[in-house]
>>> print(open('start12.txt').read())   # compact mmCIF, C-alpha atoms
# COMPACT_ATOMS: atom_id res chain seq x y z
CA MET A 1 117.60 106.30 71.39
CA MET A 2 115.51 105.13 68.47
CA GLY A 3 112.37 103.27 69.45
CA GLU A 4 112.02 105.08 72.77
CA PHE A 5 109.09 107.27 73.82
CA LEU A 6 109.26 110.74 75.34
CA LEU A 7 106.47 111.82 77.69
CA TYR A 8 105.05 115.35 77.64
CA SER A 9 102.30 117.16 79.53
CA ASP A 10 101.14 120.48 78.06
CA GLY A 11 104.38 120.71 76.12
CA ILE A 12 106.59 119.95 79.14
CA LEU A 13 108.95 116.98 78.79
CA PHE A 14 108.79 115.13 82.11
CA GLY A 15 109.99 111.61 81.34
CA GLY A 16 110.15 108.77 78.90
CA ILE A 17 110.04 105.06 78.30
CA TYR A 18 113.52 103.68 77.71
CA ASP A 19 114.18 99.94 77.26
CA ASP A 20 110.74 99.11 78.71
CA ARG A 21 111.40 101.27 81.80
CA LEU A 22 109.43 104.34 82.85
CA LEU A 23 111.82 107.10 83.85
CA VAL A 24 110.98 110.61 85.05
CA LYS A 25 113.21 113.64 85.42
CA ILE A 26 114.80 114.18 88.82
CA VAL A 27 113.26 117.26 90.43
CA PRO A 28 112.89 118.36 94.08
CA THR A 29 109.16 117.57 94.22
CA ASN A 30 109.56 113.87 93.36
CA SER A 31 112.54 113.06 95.61
CA ASP A 32 110.20 111.92 98.42
CA PHE A 33 109.08 108.84 96.49
CA ASP A 34 112.30 106.83 97.10
CA MET A 35 112.80 105.86 93.47
CA PRO A 36 116.15 104.51 92.30
CA GLU A 37 118.18 106.43 89.75
CA ALA A 38 118.73 104.96 86.30
CA ILE A 39 120.46 106.07 83.12
CA PRO A 40 118.06 106.14 80.15
CA TYR A 41 120.82 105.73 77.56
CA LYS A 42 124.59 106.10 77.34
CA GLY A 43 125.71 109.65 78.02
CA ALA A 44 122.39 110.82 79.48
CA LYS A 45 121.73 112.36 82.87
CA PRO A 46 120.28 110.08 85.54
CA MET A 47 116.52 109.94 85.95
CA TYR A 48 114.23 108.29 88.49
CA LEU A 49 112.99 104.79 87.67
CA VAL A 50 109.29 104.29 88.37
CA GLU A 51 109.19 100.63 89.32
CA ASP A 52 105.53 99.95 90.16
CA VAL A 53 103.80 101.29 87.06
CA ASP A 54 100.62 99.31 87.86
CA ASN A 55 100.11 101.33 91.06
CA LYS A 56 97.94 104.03 89.49
CA PRO A 57 97.59 106.26 92.59
CA LYS A 58 101.37 106.36 93.09
CA LEU A 59 102.02 106.82 89.37
CA THR A 60 99.62 109.78 89.34
CA LYS A 61 101.36 111.35 92.35
CA VAL A 62 104.84 110.86 90.86
CA THR A 63 103.96 112.31 87.46
CA THR A 64 101.97 115.19 88.96
CA ALA A 65 104.81 116.10 91.33
CA THR A 66 107.35 115.94 88.50
CA ILE A 67 105.29 118.09 86.13
CA LYS A 68 104.47 120.59 88.90
CA SER A 69 108.17 121.21 89.55
CA LEU A 70 108.94 121.62 85.85
CA THR A 71 106.22 124.23 85.30
CA LYS A 72 107.45 126.60 88.01
>>> encode(input="start12.txt", output="structure tokens")
Amino acid sequence: MMGEFLLYSDGILFGGIYDDRLLVKIVPTNSDFDMPEAIPYKGAKPMYLVEDVDNKPKLTKVTTATIKSLTK
């Protein structure tokens, strides 16, 4: 996992960048975005792959929904 980046918001781990792919944790609030599942590294749990990272409005909605579910 060396060379990867973990993403936090207010101390909450919500995703990461793995092999040049943005992945977020799978939570109930982000299941409506129809994102494919991907494995960040061997032996890890699946996460959602955010494919269109240049779509800022969608990226904001996905990350906000993910973080919201993790802070409950």
>>> residues_near_point(input="start12.txt", point="(110.8, 111.9, 94.2)", cutoff="10 Å", atoms="only C-alpha atoms", output="PyMOL selection string")
chain A and resi 24-36+48-50+61-63+65-66
>>> residues_around(input="start12.txt", residues="Ile17 in chain A", least_positions_apart="3", cutoff="10 Å", atoms="all atoms listed in the file", output="number ranges by chain")
A: 3-7, 20-24, 40, 49
>>> atom_distance(input="start12.txt", atom1="CA of Glu37 in chain A", atom2="CA of Val53 in chain A")
15.5 Å
>>> atom_distance(input="start12.txt", atom1="CA of Lys68 in chain A", atom2="CA of Gly11 in chain A")
12.8 Å
>>> atom_distance(input="start12.txt", atom1="CA of Met47 in chain A", atom2="CA of Tyr18 in chain A")
10.8 Å
>>> axis_aligned_box(input="start12.txt", around="range 67-70 of chain A", padding_each_side="5 Å", output="lines of an AutoDock Vina configuration file")
center_x = 106.7
center_y = 119.9
center_z = 87.7
size_x = 14.5
size_y = 13.5
size_z = 13.7
>>> closest_residue(input="start12.txt", among="A:Tyr41, A:Leu70, A:Pro57, A:Glu51", to="Phe14 in chain A", atoms="all atoms listed in the file")
A:Leu70
